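What follows is a single structure, written as structure tokens, with notes after it.
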Amino acid sequence: MKKKVLVSACLLGINCRYDGGHSYLNELENDDVDFYPVCPEESGGLGTPRPKAEMQDSAEDILSGNGKIVNINSKDVTKEFIQGAQLCLNTGIEAGAKFAILKSKSPSCGLGEVYDGSFKGKLQKGDGIFAHLCRKSGLSCISSDNISEIKKTVQKPKQS
Ligand code: SF4
């Protein structure tokens, strides 16, 4: 049976990034994996392109109602981020995915580090909202920066 992998849609070449582009990762080219591409920000109703957004608080605080995400125009987009993340997680659960490959640094998909809320390109420790929900639900989460782990997860073992 094919491995089922939830994946940030921009990593498969879908133009869903805030700037209208994608973050295609050719290590994901593999017909032996069933990919389930999701974009939490689009699913939350934020269009593409859209103003850049950054977390002002940790994912835990934001999800418990004690924090927010704002875009570069100071608009609060917390509700859209949370709704989109939950919808995308449901897609993965319904599919029976055990893995999630997530775009690094994003306020939705970032794993381990995200932009710090200053819109100055600075990073801080933490997960994006969707990444946090994926981890909590028990999915094995892999950052798009972790190429060796991605190869191990999605690529066929070489035949000897
Ligand atoms: S990083 Fe996540 S939210 Fe951002 S464009 Fe890619 S899939 Fe969408």
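Simple scheme: letters A, B, ... for chains in structure tokens order, numbers from 1 for residues in each chain, numbers from 1 for ligands in the order shown.
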
Kindly work out which residues sit at most 10 Å from ligand 1, using only C-alpha atoms and all ligand atoms, and give the list as an MDAnalysis selection string.
chainID A and resid 7:24 37:44 46 48:49 52:53 81 84:85 88 101:110 128:131 144

Stretch 62-76 of chain A: which residues within 7 Å, counting only C-alpha atoms, same-chain residues fewer than 4 positions away excluded, as a PDB file with C-alpha atoms, in the first residue's frame?
```pdb
ATOM      1  CA  PRO A  51      -0.441  40.202   2.726  1.00  0.00           C
ATOM      2  CA  LYS A  52       2.378  38.514   4.634  1.00  0.00           C
ATOM      3  CA  ALA A  53       1.418  37.479   8.164  1.00  0.00           C
ATOM      4  CA  GLU A  54       3.452  36.607  11.261  1.00  0.00           C
ATOM      5  CA  MET A  55       2.636  35.092  14.633  1.00  0.00           C
ATOM      6  CA  GLN A  56       2.729  37.535  17.508  1.00  0.00           C
ATOM      7  CA  ASP A  57       2.575  34.759  20.121  1.00  0.00           C
ATOM      8  CA  SER A  58       3.275  31.031  20.394  1.00  0.00           C
TER       9      SER A  58
END
```

Taken to one decimal, the atom CA of A:Leu89-atom CA of A:Ser137 distance is 8.4 Å

Please identify the alpha helix (DSSP H) residues within chain A (assignment by DSSP from backbone atoms) and present them as number ranges by chain.
A: 40-43, 59-63, 78-95, 129-136, 147-154

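The residue set within 10 Å of A:Lys98, counting only C-alpha atoms and dropping same-chain residues fewer than 2 places from it, reads A:Lys3, A:Lys4, A:Val5, A:Leu6, A:Gly92, A:Ile93, A:Ala95, A:Gly96, A:Ala100, A:Cys134, A:Ser137, A:Gly138, A:Leu139, A:Ser140, A:Cys141.
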
Of the residues A:Glu29, A:Glu60, A:Glu94, A:Glu149, which is the one nearest to A:Arg135, using only C-alpha atoms?
A:Glu60

Using backbone DSSP assignments, extract all strand (DSSP E or B) residues from stretch 9-147 of chain A; output them as a PyMOL selection string.
chain A and resi 33-38+53-55+69-71+76+99-102+105+113-115+123-125+140-143

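In this model, the gap between atom CA of A:Ala59 and atom CA of A:Gly126 comes to 7.4 Å.
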
So that I can see what lies close to A:Gln124, please list as a PyMOL selection string the residues with an atom at most 7 Å from it, counting only C-alpha atoms and leaving out residues fewer than 2 positions away in the same chain.
chain A and resi 113-116+122+126

Would you output that residue set with all heavy atoms, as a compact mmCIF listing (two decimals), in the first residue's frame?
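Below is the file part-v8.txt, written as the result:
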```txt
# COMPACT_ATOMS: atom_id res chain seq x y z
N GLU A 113 10.91 26.51 13.93
CA GLU A 113 11.22 27.94 13.91
C GLU A 113 10.27 28.67 12.97
O GLU A 113 9.84 28.13 11.94
CB GLU A 113 12.69 28.23 13.55
CG GLU A 113 13.11 27.74 12.21
CD GLU A 113 14.56 28.10 11.88
OE1 GLU A 113 15.29 28.62 12.73
OE2 GLU A 113 14.94 27.85 10.72
N VAL A 114 9.93 29.86 13.38
CA VAL A 114 8.99 30.71 12.62
C VAL A 114 9.47 32.16 12.72
O VAL A 114 10.27 32.49 13.61
CB VAL A 114 7.55 30.61 13.18
CG1 VAL A 114 6.92 29.26 12.89
CG2 VAL A 114 7.51 30.91 14.67
N TYR A 115 8.95 33.01 11.87
CA TYR A 115 9.31 34.43 11.97
C TYR A 115 8.75 35.01 13.27
O TYR A 115 7.71 34.57 13.77
CB TYR A 115 8.83 35.19 10.74
CG TYR A 115 9.64 34.83 9.52
CD1 TYR A 115 9.11 34.03 8.51
CD2 TYR A 115 10.96 35.23 9.42
CE1 TYR A 115 9.87 33.67 7.42
CE2 TYR A 115 11.74 34.87 8.32
CZ TYR A 115 11.19 34.09 7.33
OH TYR A 115 11.96 33.71 6.27
N ASP A 116 9.46 35.99 13.80
CA ASP A 116 9.20 36.40 15.19
C ASP A 116 8.12 37.47 15.37
O ASP A 116 7.89 37.93 16.49
CB ASP A 116 10.50 36.87 15.85
CG ASP A 116 10.98 38.22 15.32
OD1 ASP A 116 10.38 38.74 14.35
OD2 ASP A 116 11.94 38.76 15.90
N LYS A 122 13.36 38.09 11.06
CA LYS A 122 14.02 37.41 12.19
C LYS A 122 13.22 36.16 12.58
O LYS A 122 11.99 36.21 12.62
CB LYS A 122 14.10 38.34 13.40
CG LYS A 122 15.08 39.46 13.22
CD LYS A 122 15.26 40.16 14.56
CE LYS A 122 15.93 41.50 14.35
NZ LYS A 122 15.57 42.45 15.39
N GLY A 126 9.75 27.82 17.58
CA GLY A 126 8.30 27.62 17.67
C GLY A 126 7.76 26.98 16.40
O GLY A 126 8.46 26.87 15.40
```
